[in-house]
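Source file: upload_33.cif; contents: mmCIF, N, CA, C and O atoms.
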```cif
data_model
#
loop_
_atom_site.label_atom_id
_atom_site.label_comp_id
_atom_site.auth_asym_id
_atom_site.auth_seq_id
_atom_site.Cartn_x
_atom_site.Cartn_y
_atom_site.Cartn_z
N MET K 1 25.86 -3.37 -2.67
CA MET K 1 24.48 -3.17 -3.08
C MET K 1 24.46 -2.25 -4.30
O MET K 1 25.12 -1.23 -4.35
N ALA K 2 23.68 -2.62 -5.29
CA ALA K 2 23.58 -1.83 -6.52
C ALA K 2 22.81 -0.55 -6.27
O ALA K 2 21.95 -0.47 -5.40
N CYS K 3 23.13 0.47 -7.05
CA CYS K 3 22.39 1.73 -6.88
C CYS K 3 20.97 1.55 -7.41
O CYS K 3 20.70 0.70 -8.24
N ALA K 4 20.06 2.37 -6.92
CA ALA K 4 18.63 2.25 -7.25
C ALA K 4 18.37 2.43 -8.74
O ALA K 4 17.46 1.83 -9.29
N ALA K 5 19.18 3.24 -9.42
CA ALA K 5 18.96 3.49 -10.84
C ALA K 5 19.25 2.24 -11.68
O ALA K 5 18.67 2.06 -12.73
N ALA K 6 20.12 1.37 -11.19
CA ALA K 6 20.49 0.19 -11.95
C ALA K 6 19.50 -0.96 -11.77
O ALA K 6 19.49 -1.89 -12.56
N ARG K 7 18.69 -0.89 -10.73
CA ARG K 7 17.74 -1.98 -10.47
C ARG K 7 16.49 -1.80 -11.33
O ARG K 7 16.05 -0.70 -11.60
N SER K 8 15.91 -2.91 -11.68
CA SER K 8 14.71 -2.91 -12.52
C SER K 8 13.48 -2.51 -11.70
O SER K 8 13.34 -2.93 -10.54
N PRO K 9 12.56 -1.74 -12.29
CA PRO K 9 11.31 -1.42 -11.58
C PRO K 9 10.46 -2.66 -11.32
O PRO K 9 9.55 -2.62 -10.51
N ALA K 10 10.77 -3.77 -11.99
CA ALA K 10 10.01 -5.00 -11.80
C ALA K 10 10.52 -5.82 -10.62
O ALA K 10 9.90 -6.82 -10.27
N ASP K 11 11.63 -5.43 -10.00
CA ASP K 11 12.11 -6.13 -8.81
C ASP K 11 11.13 -5.91 -7.67
O ASP K 11 10.64 -4.80 -7.46
N GLN K 12 10.85 -6.97 -6.90
CA GLN K 12 9.85 -6.86 -5.84
C GLN K 12 10.23 -5.83 -4.78
O GLN K 12 9.35 -5.21 -4.19
N ASP K 13 11.50 -5.61 -4.56
CA ASP K 13 11.87 -4.60 -3.57
C ASP K 13 11.67 -3.18 -4.08
O ASP K 13 11.77 -2.22 -3.32
N ARG K 14 11.34 -3.02 -5.36
CA ARG K 14 11.03 -1.70 -5.93
C ARG K 14 9.53 -1.43 -6.00
O ARG K 14 9.11 -0.35 -6.38
N PHE K 15 8.70 -2.41 -5.65
CA PHE K 15 7.26 -2.22 -5.63
C PHE K 15 6.93 -1.19 -4.54
O PHE K 15 7.61 -1.09 -3.54
N ILE K 16 5.84 -0.44 -4.72
CA ILE K 16 5.42 0.51 -3.69
C ILE K 16 4.76 -0.24 -2.53
O ILE K 16 4.23 -1.33 -2.71
N CYS K 17 4.78 0.35 -1.36
CA CYS K 17 4.17 -0.24 -0.17
C CYS K 17 2.88 0.50 0.16
O CYS K 17 2.83 1.73 0.11
N ILE K 18 1.86 -0.26 0.50
CA ILE K 18 0.61 0.32 1.00
C ILE K 18 0.30 -0.34 2.33
O ILE K 18 0.11 -1.55 2.40
N TYR K 19 0.28 0.47 3.37
CA TYR K 19 -0.11 0.00 4.70
C TYR K 19 -1.58 0.35 4.92
O TYR K 19 -2.06 1.37 4.44
N PRO K 20 -2.31 -0.49 5.67
CA PRO K 20 -3.72 -0.19 5.94
C PRO K 20 -3.94 1.18 6.58
O PRO K 20 -4.95 1.83 6.33
N ALA K 21 -3.00 1.66 7.36
CA ALA K 21 -3.15 2.98 8.01
C ALA K 21 -3.27 4.10 6.99
O ALA K 21 -3.90 5.12 7.27
N TYR K 22 -2.70 3.93 5.81
CA TYR K 22 -2.78 4.96 4.77
C TYR K 22 -4.23 5.23 4.36
O TYR K 22 -4.56 6.32 3.91
N LEU K 23 -5.08 4.21 4.49
CA LEU K 23 -6.45 4.27 3.98
C LEU K 23 -7.51 4.28 5.08
O LEU K 23 -8.70 4.25 4.80
N ASN K 24 -7.09 4.33 6.33
CA ASN K 24 -7.99 4.19 7.47
C ASN K 24 -8.61 5.53 7.87
O ASN K 24 -7.90 6.46 8.25
N ASN K 25 -9.95 5.61 7.82
CA ASN K 25 -10.60 6.87 8.18
C ASN K 25 -10.60 7.15 9.68
O ASN K 25 -10.96 8.23 10.12
N LYS K 26 -10.19 6.20 10.49
CA LYS K 26 -10.08 6.40 11.94
C LYS K 26 -8.74 7.03 12.32
O LYS K 26 -8.54 7.39 13.47
N LYS K 27 -7.83 7.14 11.37
CA LYS K 27 -6.51 7.70 11.63
C LYS K 27 -6.47 9.17 11.21
O LYS K 27 -7.15 9.59 10.28
N THR K 28 -5.64 9.93 11.89
CA THR K 28 -5.38 11.31 11.48
C THR K 28 -4.20 11.29 10.51
O THR K 28 -3.53 10.26 10.35
N ILE K 29 -3.93 12.42 9.91
CA ILE K 29 -2.76 12.50 9.03
C ILE K 29 -1.49 12.26 9.84
O ILE K 29 -0.57 11.59 9.39
N ALA K 30 -1.44 12.77 11.07
CA ALA K 30 -0.28 12.55 11.93
C ALA K 30 -0.09 11.07 12.27
O ALA K 30 1.02 10.62 12.49
N GLU K 31 -1.19 10.32 12.29
CA GLU K 31 -1.13 8.89 12.59
C GLU K 31 -0.86 8.05 11.35
O GLU K 31 -0.71 6.84 11.46
N GLY K 32 -0.82 8.68 10.17
CA GLY K 32 -0.42 7.96 8.98
C GLY K 32 -1.40 7.91 7.83
O GLY K 32 -1.08 7.36 6.79
N ARG K 33 -2.61 8.46 7.99
CA ARG K 33 -3.54 8.45 6.87
C ARG K 33 -2.99 9.34 5.76
O ARG K 33 -2.50 10.43 6.01
N ARG K 34 -3.06 8.88 4.51
CA ARG K 34 -2.46 9.63 3.40
C ARG K 34 -3.46 10.09 2.35
O ARG K 34 -3.07 10.70 1.37
N ILE K 35 -4.72 9.78 2.54
CA ILE K 35 -5.74 10.19 1.58
C ILE K 35 -6.82 10.98 2.30
O ILE K 35 -6.92 10.92 3.53
N PRO K 36 -7.66 11.72 1.56
CA PRO K 36 -8.73 12.48 2.22
C PRO K 36 -9.66 11.55 2.99
O PRO K 36 -9.93 10.42 2.57
N ILE K 37 -10.16 12.03 4.10
CA ILE K 37 -11.03 11.21 4.95
C ILE K 37 -12.30 10.79 4.21
O ILE K 37 -12.85 9.72 4.48
N SER K 38 -12.74 11.58 3.26
CA SER K 38 -13.94 11.24 2.49
C SER K 38 -13.72 10.02 1.59
O SER K 38 -14.67 9.34 1.23
N LYS K 39 -12.47 9.74 1.24
CA LYS K 39 -12.14 8.58 0.40
C LYS K 39 -11.69 7.37 1.21
O LYS K 39 -11.60 6.27 0.70
N ALA K 40 -11.37 7.59 2.49
CA ALA K 40 -10.85 6.51 3.34
C ALA K 40 -11.97 5.57 3.78
O ALA K 40 -13.16 5.91 3.69
N VAL K 41 -11.58 4.40 4.26
CA VAL K 41 -12.53 3.40 4.74
C VAL K 41 -12.21 3.06 6.19
O VAL K 41 -11.13 3.35 6.69
N GLU K 42 -13.16 2.42 6.85
CA GLU K 42 -12.98 2.10 8.26
C GLU K 42 -12.19 0.82 8.43
O GLU K 42 -12.59 -0.25 7.96
N ASN K 43 -11.06 0.92 9.09
CA ASN K 43 -10.20 -0.20 9.46
C ASN K 43 -9.96 -1.22 8.33
O ASN K 43 -10.32 -2.39 8.47
N PRO K 44 -9.35 -0.82 7.23
CA PRO K 44 -9.06 -1.79 6.17
C PRO K 44 -7.96 -2.75 6.63
O PRO K 44 -7.14 -2.41 7.49
N THR K 45 -7.95 -3.94 6.06
CA THR K 45 -6.89 -4.90 6.36
C THR K 45 -5.99 -5.02 5.13
O THR K 45 -6.40 -4.68 4.01
N ALA K 46 -4.80 -5.52 5.34
CA ALA K 46 -3.87 -5.71 4.24
C ALA K 46 -4.42 -6.72 3.23
O ALA K 46 -4.24 -6.57 2.02
N THR K 47 -5.13 -7.72 3.71
CA THR K 47 -5.73 -8.72 2.82
C THR K 47 -6.79 -8.08 1.92
O THR K 47 -6.85 -8.40 0.73
N GLU K 48 -7.59 -7.18 2.46
CA GLU K 48 -8.61 -6.49 1.66
C GLU K 48 -7.95 -5.62 0.59
O GLU K 48 -8.41 -5.59 -0.55
N ILE K 49 -6.88 -4.94 0.96
CA ILE K 49 -6.15 -4.11 -0.01
C ILE K 49 -5.57 -4.97 -1.11
O ILE K 49 -5.65 -4.63 -2.29
N GLN K 50 -5.02 -6.11 -0.74
CA GLN K 50 -4.47 -7.04 -1.72
C GLN K 50 -5.56 -7.52 -2.68
O GLN K 50 -5.36 -7.56 -3.89
N ASP K 51 -6.74 -7.86 -2.16
CA ASP K 51 -7.84 -8.33 -2.99
C ASP K 51 -8.28 -7.27 -3.99
O ASP K 51 -8.52 -7.57 -5.16
N VAL K 52 -8.39 -6.03 -3.55
CA VAL K 52 -8.81 -4.93 -4.42
C VAL K 52 -7.78 -4.70 -5.53
O VAL K 52 -8.13 -4.57 -6.71
N CYS K 53 -6.52 -4.66 -5.17
CA CYS K 53 -5.47 -4.43 -6.16
C CYS K 53 -5.38 -5.58 -7.16
O CYS K 53 -5.19 -5.36 -8.36
N SER K 54 -5.54 -6.80 -6.69
CA SER K 54 -5.54 -7.96 -7.59
C SER K 54 -6.73 -7.92 -8.54
O SER K 54 -6.62 -8.27 -9.71
N ALA K 55 -7.89 -7.48 -8.02
CA ALA K 55 -9.11 -7.44 -8.84
C ALA K 55 -8.99 -6.47 -10.01
O ALA K 55 -9.59 -6.70 -11.06
N VAL K 56 -8.21 -5.39 -9.86
CA VAL K 56 -8.04 -4.44 -10.97
C VAL K 56 -6.90 -4.84 -11.90
O VAL K 56 -6.65 -4.15 -12.87
N GLY K 57 -6.19 -5.93 -11.56
CA GLY K 57 -5.17 -6.46 -12.47
C GLY K 57 -3.74 -6.08 -12.14
O GLY K 57 -2.86 -6.24 -12.98
N LEU K 58 -3.48 -5.60 -10.95
CA LEU K 58 -2.12 -5.26 -10.56
C LEU K 58 -1.39 -6.46 -9.98
O LEU K 58 -2.00 -7.35 -9.38
N ASN K 59 -0.09 -6.48 -10.15
CA ASN K 59 0.76 -7.51 -9.57
C ASN K 59 1.04 -7.11 -8.13
O ASN K 59 1.66 -6.08 -7.89
N VAL K 60 0.57 -7.89 -7.17
CA VAL K 60 0.70 -7.55 -5.75
C VAL K 60 1.19 -8.75 -4.95
O VAL K 60 1.04 -9.89 -5.38
N PHE K 61 1.78 -8.48 -3.81
CA PHE K 61 2.02 -9.54 -2.83
C PHE K 61 1.91 -8.97 -1.43
O PHE K 61 2.12 -7.78 -1.20
N LEU K 62 1.51 -9.83 -0.52
CA LEU K 62 1.21 -9.44 0.85
C LEU K 62 2.36 -9.85 1.76
O LEU K 62 2.84 -10.97 1.70
N GLU K 63 2.80 -8.92 2.60
CA GLU K 63 3.79 -9.21 3.63
C GLU K 63 3.06 -9.12 4.97
O GLU K 63 2.85 -8.03 5.50
N LYS K 64 2.66 -10.28 5.50
CA LYS K 64 1.78 -10.33 6.66
C LYS K 64 2.41 -9.85 7.96
O LYS K 64 1.72 -9.32 8.81
N ASN K 65 3.69 -10.02 8.13
CA ASN K 65 4.32 -9.69 9.42
C ASN K 65 4.96 -8.32 9.47
O ASN K 65 5.67 -8.01 10.42
N LYS K 66 4.72 -7.49 8.48
CA LYS K 66 5.26 -6.13 8.50
C LYS K 66 4.28 -5.21 9.23
O LYS K 66 3.08 -5.41 9.21
N MET K 67 4.85 -4.20 9.89
CA MET K 67 4.02 -3.25 10.63
C MET K 67 4.39 -1.83 10.22
O MET K 67 5.55 -1.54 9.97
N TYR K 68 3.39 -0.97 10.19
CA TYR K 68 3.62 0.45 9.92
C TYR K 68 4.26 1.06 11.15
O TYR K 68 3.82 0.83 12.27
N SER K 69 5.28 1.86 10.95
CA SER K 69 6.05 2.39 12.08
C SER K 69 5.24 3.29 13.01
O SER K 69 5.53 3.37 14.20
N ARG K 70 4.21 3.96 12.50
CA ARG K 70 3.40 4.83 13.35
C ARG K 70 2.25 4.11 14.03
O ARG K 70 1.51 4.71 14.80
N GLU K 71 2.08 2.83 13.73
CA GLU K 71 0.98 2.06 14.32
C GLU K 71 1.36 1.62 15.72
O GLU K 71 2.28 0.84 15.91
N TRP K 72 0.64 2.10 16.72
CA TRP K 72 0.94 1.74 18.11
C TRP K 72 0.29 0.43 18.51
O TRP K 72 0.74 -0.25 19.41
N ASN K 73 -0.79 0.06 17.85
CA ASN K 73 -1.52 -1.16 18.17
C ASN K 73 -0.86 -2.35 17.47
O ASN K 73 -0.70 -2.36 16.26
N ARG K 74 -0.47 -3.35 18.23
CA ARG K 74 0.25 -4.50 17.68
C ARG K 74 -0.65 -5.71 17.40
O ARG K 74 -0.16 -6.80 17.17
N ASP K 75 -1.96 -5.52 17.40
CA ASP K 75 -2.89 -6.62 17.11
C ASP K 75 -2.70 -7.13 15.69
O ASP K 75 -2.26 -6.39 14.80
N LEU K 76 -3.07 -8.37 15.46
CA LEU K 76 -2.94 -8.97 14.12
C LEU K 76 -3.74 -8.21 13.07
O LEU K 76 -3.35 -8.15 11.92
N GLN K 77 -4.84 -7.63 13.47
CA GLN K 77 -5.70 -6.89 12.55
C GLN K 77 -4.95 -5.73 11.89
O GLN K 77 -5.24 -5.36 10.76
N TYR K 78 -3.99 -5.15 12.56
CA TYR K 78 -3.28 -3.98 12.05
C TYR K 78 -1.95 -4.33 11.39
O TYR K 78 -1.22 -3.44 10.97
N ARG K 79 -1.63 -5.60 11.30
CA ARG K 79 -0.37 -6.02 10.69
C ARG K 79 -0.52 -6.20 9.20
O ARG K 79 -1.59 -6.44 8.69
N GLY K 80 0.60 -6.11 8.53
CA GLY K 80 0.65 -6.40 7.10
C GLY K 80 0.83 -5.16 6.26
O GLY K 80 0.48 -4.05 6.66
N ARG K 81 1.43 -5.39 5.11
CA ARG K 81 1.53 -4.35 4.09
C ARG K 81 1.43 -5.03 2.75
O ARG K 81 1.72 -6.22 2.61
N VAL K 82 1.02 -4.28 1.76
CA VAL K 82 0.87 -4.80 0.41
C VAL K 82 1.92 -4.12 -0.47
O VAL K 82 2.07 -2.90 -0.44
N ARG K 83 2.64 -4.91 -1.23
CA ARG K 83 3.61 -4.38 -2.20
C ARG K 83 2.95 -4.48 -3.57
O ARG K 83 2.41 -5.52 -3.95
N VAL K 84 2.99 -3.38 -4.32
CA VAL K 84 2.29 -3.28 -5.60
C VAL K 84 3.26 -2.83 -6.68
O VAL K 84 4.00 -1.86 -6.50
N GLN K 85 3.24 -3.52 -7.81
CA GLN K 85 4.08 -3.16 -8.95
C GLN K 85 3.35 -2.12 -9.80
O GLN K 85 2.26 -2.37 -10.30
N LEU K 86 3.96 -0.94 -9.95
CA LEU K 86 3.37 0.10 -10.79
C LEU K 86 4.04 0.19 -12.16
O LEU K 86 3.43 0.66 -13.11
N LYS K 87 5.30 -0.24 -12.25
CA LYS K 87 6.04 -0.12 -13.51
C LYS K 87 6.58 -1.46 -13.97
O LYS K 87 6.99 -2.29 -13.17
N GLU K 88 6.58 -1.63 -15.29
CA GLU K 88 7.15 -2.83 -15.92
C GLU K 88 8.67 -2.71 -15.91
O GLU K 88 9.24 -1.69 -15.55
N GLU K 89 9.33 -3.77 -16.37
CA GLU K 89 10.79 -3.79 -16.39
C GLU K 89 11.38 -2.69 -17.26
O GLU K 89 12.44 -2.14 -16.97
N ASP K 90 10.67 -2.33 -18.33
CA ASP K 90 11.18 -1.28 -19.23
C ASP K 90 10.86 0.14 -18.73
O ASP K 90 11.20 1.12 -19.36
N GLY K 91 10.18 0.25 -17.59
CA GLY K 91 9.85 1.55 -17.01
C GLY K 91 8.47 2.06 -17.36
O GLY K 91 8.03 3.08 -16.84
N SER K 92 7.76 1.37 -18.25
CA SER K 92 6.41 1.79 -18.60
C SER K 92 5.44 1.39 -17.49
O SER K 92 5.71 0.49 -16.70
N LEU K 93 4.31 2.05 -17.42
CA LEU K 93 3.31 1.78 -16.39
C LEU K 93 2.64 0.44 -16.63
O LEU K 93 2.33 0.07 -17.77
N CYS K 94 2.36 -0.28 -15.56
CA CYS K 94 1.62 -1.54 -15.66
C CYS K 94 0.18 -1.26 -16.10
O CYS K 94 -0.33 -1.92 -17.00
N LEU K 95 -0.45 -0.30 -15.46
CA LEU K 95 -1.80 0.14 -15.81
C LEU K 95 -1.79 1.66 -15.87
O LEU K 95 -1.42 2.31 -14.89
N VAL K 96 -2.22 2.22 -16.98
CA VAL K 96 -2.12 3.67 -17.16
C VAL K 96 -3.01 4.45 -16.20
O VAL K 96 -2.74 5.61 -15.92
N GLN K 97 -4.07 3.84 -15.68
CA GLN K 97 -4.93 4.56 -14.74
C GLN K 97 -4.28 4.73 -13.36
O GLN K 97 -4.80 5.44 -12.52
N PHE K 98 -3.13 4.08 -13.12
CA PHE K 98 -2.43 4.19 -11.85
C PHE K 98 -0.98 4.63 -12.07
O PHE K 98 -0.05 3.84 -11.95
N PRO K 99 -0.77 5.93 -12.36
CA PRO K 99 0.60 6.39 -12.61
C PRO K 99 1.41 6.62 -11.33
O PRO K 99 2.63 6.74 -11.39
N SER K 100 0.75 6.67 -10.16
CA SER K 100 1.47 6.91 -8.91
C SER K 100 0.79 6.18 -7.76
O SER K 100 -0.33 5.70 -7.89
N HIS K 101 1.48 6.13 -6.62
CA HIS K 101 0.91 5.49 -5.44
C HIS K 101 -0.32 6.24 -4.93
O HIS K 101 -1.24 5.64 -4.40
N TYR K 102 -0.36 7.54 -5.14
CA TYR K 102 -1.50 8.34 -4.67
C TYR K 102 -2.77 7.97 -5.45
O TYR K 102 -3.83 7.78 -4.84
N THR K 103 -2.70 7.87 -6.75
CA THR K 103 -3.88 7.50 -7.53
C THR K 103 -4.33 6.07 -7.22
O THR K 103 -5.53 5.79 -7.21
N LEU K 104 -3.39 5.21 -6.94
CA LEU K 104 -3.73 3.83 -6.57
C LEU K 104 -4.48 3.80 -5.25
O LEU K 104 -5.49 3.13 -5.11
N SER K 105 -4.00 4.55 -4.27
CA SER K 105 -4.65 4.59 -2.94
C SER K 105 -6.07 5.14 -3.04
O SER K 105 -6.98 4.62 -2.43
N LEU K 106 -6.25 6.19 -3.82
CA LEU K 106 -7.58 6.77 -3.96
C LEU K 106 -8.53 5.81 -4.66
O LEU K 106 -9.69 5.69 -4.29
N SER K 107 -8.05 5.10 -5.67
CA SER K 107 -8.90 4.17 -6.41
C SER K 107 -9.23 2.95 -5.59
O SER K 107 -10.30 2.36 -5.74
N SER K 108 -8.33 2.52 -4.72
CA SER K 108 -8.57 1.34 -3.89
C SER K 108 -9.74 1.54 -2.94
O SER K 108 -10.40 0.59 -2.57
N CYS K 109 -9.97 2.77 -2.56
CA CYS K 109 -11.02 3.05 -1.57
C CYS K 109 -12.34 3.44 -2.20
O CYS K 109 -13.34 3.52 -1.51
N SER K 110 -12.35 3.74 -3.47
CA SER K 110 -13.59 4.22 -4.11
C SER K 110 -14.53 3.08 -4.38
O SER K 110 -14.20 1.97 -4.53
#
```
Written as structure tokens, that's how I'd like the structure from this file.
Amino acid sequence: MACAAARSPADQDRFICIYPAYLNNKKTIAEGRRIPISKAVENPTATEIQDVCSAVGLNVFLEKNKMYSREWNRDLQYRGRVRVQLKEEDGSLCLVQFPSHYTLSLSSCS
């Protein structure tokens, strides 16, 4: 396996992951929420996150059968994760308004 520094940021396995639990206002930080509760939304789905990211022009793909490790509920509603490309192959940002996964998560919920 090649070292991470040699792989291109445009490889799909280098895209950042966003799980619905990161944005869910019903979750505590211990349960996986990663943004302030005032910015979070109620029970987002991976499909909704994908739609929002696509609408702002990001390269995204949905992995429907992935589960967040802290998610105890195995219902279909809680499954899925979204992979998002933040950097081009040359290392430059895809969209300058999203320099990190944190800014992307906050913008997705606003």
When the PyMOL selection byres ((chain K and resi 11) around 8) is applied to the file above, which residues end up in the set, as an MDAnalysis selection string? chainID K and resid 7:10 12:16 84:85 87:89
Preceding selection exported with N, CA, C and O atoms as a PDB file, keeping the file's coordinate frame:
```pdb
ATOM      1  N   ARG K   7      18.690  -0.890 -10.730  1.00  0.00           N
ATOM      2  CA  ARG K   7      17.740  -1.980 -10.470  1.00  0.00           C
ATOM      3  C   ARG K   7      16.490  -1.800 -11.330  1.00  0.00           C
ATOM      4  O   ARG K   7      16.050  -0.700 -11.600  1.00  0.00           O
ATOM      5  N   SER K   8      15.910  -2.910 -11.680  1.00  0.00           N
ATOM      6  CA  SER K   8      14.710  -2.910 -12.520  1.00  0.00           C
ATOM      7  C   SER K   8      13.480  -2.510 -11.700  1.00  0.00           C
ATOM      8  O   SER K   8      13.340  -2.930 -10.540  1.00  0.00           O
ATOM      9  N   PRO K   9      12.560  -1.740 -12.290  1.00  0.00           N
ATOM     10  CA  PRO K   9      11.310  -1.420 -11.580  1.00  0.00           C
ATOM     11  C   PRO K   9      10.460  -2.660 -11.320  1.00  0.00           C
ATOM     12  O   PRO K   9       9.550  -2.620 -10.510  1.00  0.00           O
ATOM     13  N   ALA K  10      10.770  -3.770 -11.990  1.00  0.00           N
ATOM     14  CA  ALA K  10      10.010  -5.000 -11.800  1.00  0.00           C
ATOM     15  C   ALA K  10      10.520  -5.820 -10.620  1.00  0.00           C
ATOM     16  O   ALA K  10       9.900  -6.820 -10.270  1.00  0.00           O
ATOM     17  N   GLN K  12      10.850  -6.970  -6.900  1.00  0.00           N
ATOM     18  CA  GLN K  12       9.850  -6.860  -5.840  1.00  0.00           C
ATOM     19  C   GLN K  12      10.230  -5.830  -4.780  1.00  0.00           C
ATOM     20  O   GLN K  12       9.350  -5.210  -4.190  1.00  0.00           O
ATOM     21  N   ASP K  13      11.500  -5.610  -4.560  1.00  0.00           N
ATOM     22  CA  ASP K  13      11.870  -4.600  -3.570  1.00  0.00           C
ATOM     23  C   ASP K  13      11.670  -3.180  -4.080  1.00  0.00           C
ATOM     24  O   ASP K  13      11.770  -2.220  -3.320  1.00  0.00           O
ATOM     25  N   ARG K  14      11.340  -3.020  -5.360  1.00  0.00           N
ATOM     26  CA  ARG K  14      11.030  -1.700  -5.930  1.00  0.00           C
ATOM     27  C   ARG K  14       9.530  -1.430  -6.000  1.00  0.00           C
ATOM     28  O   ARG K  14       9.110  -0.350  -6.380  1.00  0.00           O
ATOM     29  N   PHE K  15       8.700  -2.410  -5.650  1.00  0.00           N
ATOM     30  CA  PHE K  15       7.260  -2.220  -5.630  1.00  0.00           C
ATOM     31  C   PHE K  15       6.930  -1.190  -4.540  1.00  0.00           C
ATOM     32  O   PHE K  15       7.610  -1.090  -3.540  1.00  0.00           O
ATOM     33  N   ILE K  16       5.840  -0.440  -4.720  1.00  0.00           N
ATOM     34  CA  ILE K  16       5.420   0.510  -3.690  1.00  0.00           C
ATOM     35  C   ILE K  16       4.760  -0.240  -2.530  1.00  0.00           C
ATOM     36  O   ILE K  16       4.230  -1.330  -2.710  1.00  0.00           O
ATOM     37  N   VAL K  84       2.990  -3.380  -4.320  1.00  0.00           N
ATOM     38  CA  VAL K  84       2.290  -3.280  -5.600  1.00  0.00           C
ATOM     39  C   VAL K  84       3.260  -2.830  -6.680  1.00  0.00           C
ATOM     40  O   VAL K  84       4.000  -1.860  -6.500  1.00  0.00           O
ATOM     41  N   GLN K  85       3.240  -3.520  -7.810  1.00  0.00           N
ATOM     42  CA  GLN K  85       4.080  -3.160  -8.950  1.00  0.00           C
ATOM     43  C   GLN K  85       3.350  -2.120  -9.800  1.00  0.00           C
ATOM     44  O   GLN K  85       2.260  -2.370 -10.300  1.00  0.00           O
ATOM     45  N   LYS K  87       5.300  -0.240 -12.250  1.00  0.00           N
ATOM     46  CA  LYS K  87       6.040  -0.120 -13.510  1.00  0.00           C
ATOM     47  C   LYS K  87       6.580  -1.460 -13.970  1.00  0.00           C
ATOM     48  O   LYS K  87       6.990  -2.290 -13.170  1.00  0.00           O
ATOM     49  N   GLU K  88       6.580  -1.630 -15.290  1.00  0.00           N
ATOM     50  CA  GLU K  88       7.150  -2.830 -15.920  1.00  0.00           C
ATOM     51  C   GLU K  88       8.670  -2.710 -15.910  1.00  0.00           C
ATOM     52  O   GLU K  88       9.240  -1.690 -15.550  1.00  0.00           O
ATOM     53  N   GLU K  89       9.330  -3.770 -16.370  1.00  0.00           N
ATOM     54  CA  GLU K  89      10.790  -3.790 -16.390  1.00  0.00           C
ATOM     55  C   GLU K  89      11.380  -2.690 -17.260  1.00  0.00           C
ATOM     56  O   GLU K  89      12.440  -2.140 -16.970  1.00  0.00           O
TER      57      GLU K  89
END
```
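When the PyMOL selection byres ((chain K and resi 61) around 4.5) is evaluated on the file shown here, the picked residues come out as Val60, Leu62, Glu63, Arg81, Val82 and Arg83 of chain K.
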Would you save the residues from that selection as an mmCIF file, in the coordinates of the input, using N, CA, C and O atoms?
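out-v8.cif, written as the output of this step:
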```cif
data_model
loop_
_atom_site.group_PDB
_atom_site.id
_atom_site.type_symbol
_atom_site.label_atom_id
_atom_site.label_comp_id
_atom_site.auth_asym_id
_atom_site.auth_seq_id
_atom_site.Cartn_x
_atom_site.Cartn_y
_atom_site.Cartn_z
ATOM 1 N N VAL K 60 0.570 -7.890 -7.170
ATOM 2 C CA VAL K 60 0.700 -7.550 -5.750
ATOM 3 C C VAL K 60 1.190 -8.750 -4.950
ATOM 4 O O VAL K 60 1.040 -9.890 -5.380
ATOM 5 N N LEU K 62 1.510 -9.830 -0.520
ATOM 6 C CA LEU K 62 1.210 -9.440 0.850
ATOM 7 C C LEU K 62 2.360 -9.850 1.760
ATOM 8 O O LEU K 62 2.840 -10.970 1.700
ATOM 9 N N GLU K 63 2.800 -8.920 2.600
ATOM 10 C CA GLU K 63 3.790 -9.210 3.630
ATOM 11 C C GLU K 63 3.060 -9.120 4.970
ATOM 12 O O GLU K 63 2.850 -8.030 5.500
ATOM 13 N N ARG K 81 1.430 -5.390 5.110
ATOM 14 C CA ARG K 81 1.530 -4.350 4.090
ATOM 15 C C ARG K 81 1.430 -5.030 2.750
ATOM 16 O O ARG K 81 1.720 -6.220 2.610
ATOM 17 N N VAL K 82 1.020 -4.280 1.760
ATOM 18 C CA VAL K 82 0.870 -4.800 0.410
ATOM 19 C C VAL K 82 1.920 -4.120 -0.470
ATOM 20 O O VAL K 82 2.070 -2.900 -0.440
ATOM 21 N N ARG K 83 2.640 -4.910 -1.230
ATOM 22 C CA ARG K 83 3.610 -4.380 -2.200
ATOM 23 C C ARG K 83 2.950 -4.480 -3.570
ATOM 24 O O ARG K 83 2.410 -5.520 -3.950
#
```
What does the PyMOL selection byres ((chain K and resi 80) around 7) select in this file, as a list in words? Ile18, Tyr19, Pro20, Ala21, Thr45, Ala46, Thr47, Leu62, Glu63, Lys64, Asn65, Lys66, Met67, Tyr68, Asp75, Leu76, Gln77, Tyr78, Arg79, Arg81 and Val82 of chain K
Shortest contact to Asn59 of chain K, candidates K:Val41, K:Ile29, K:Leu86, K:Val96, atoms counted all atoms listed in the file, goes to K:Leu86
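The space between atom CA of Ile35 of chain K and atom CA of Gly57 of chain K spans 21.8 Å.
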Figure out the distance between atom N of Pro36 of chain K and atom N of Asn24 of chain K, please, to one decimal in Å.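 Atom N of Pro36 of chain K lies 8.8 Å from atom N of Asn24 of chain K.
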Among chain K, which ones does DSSP assign to helix (DSSP H, G or I) (computed from the backbone)? Answer as a count of residues only. 32
Length of the atom N of Arg70 of chain K to atom CA of Val52 of chain K vector [Å]: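 These two atoms are separated by 23.1 Å.
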Give the strand (DSSP E) residues of chain K, as DSSP finds them on the backbone, and put them as a VMD selection string. chain K and resid 16 to 18 60 to 63 81 to 84
Please, what is the axis-aligned box for every listed atom of segment 21-31 of chain K with 5 Å on each side, as centre and edge lengths in Å to one decimal, as JSON?
```
{"center_x": -5.0, "center_y": 7.2, "center_z": 8.7, "size_x": 22.0, "size_y": 21.1, "size_z": 19.6}
```
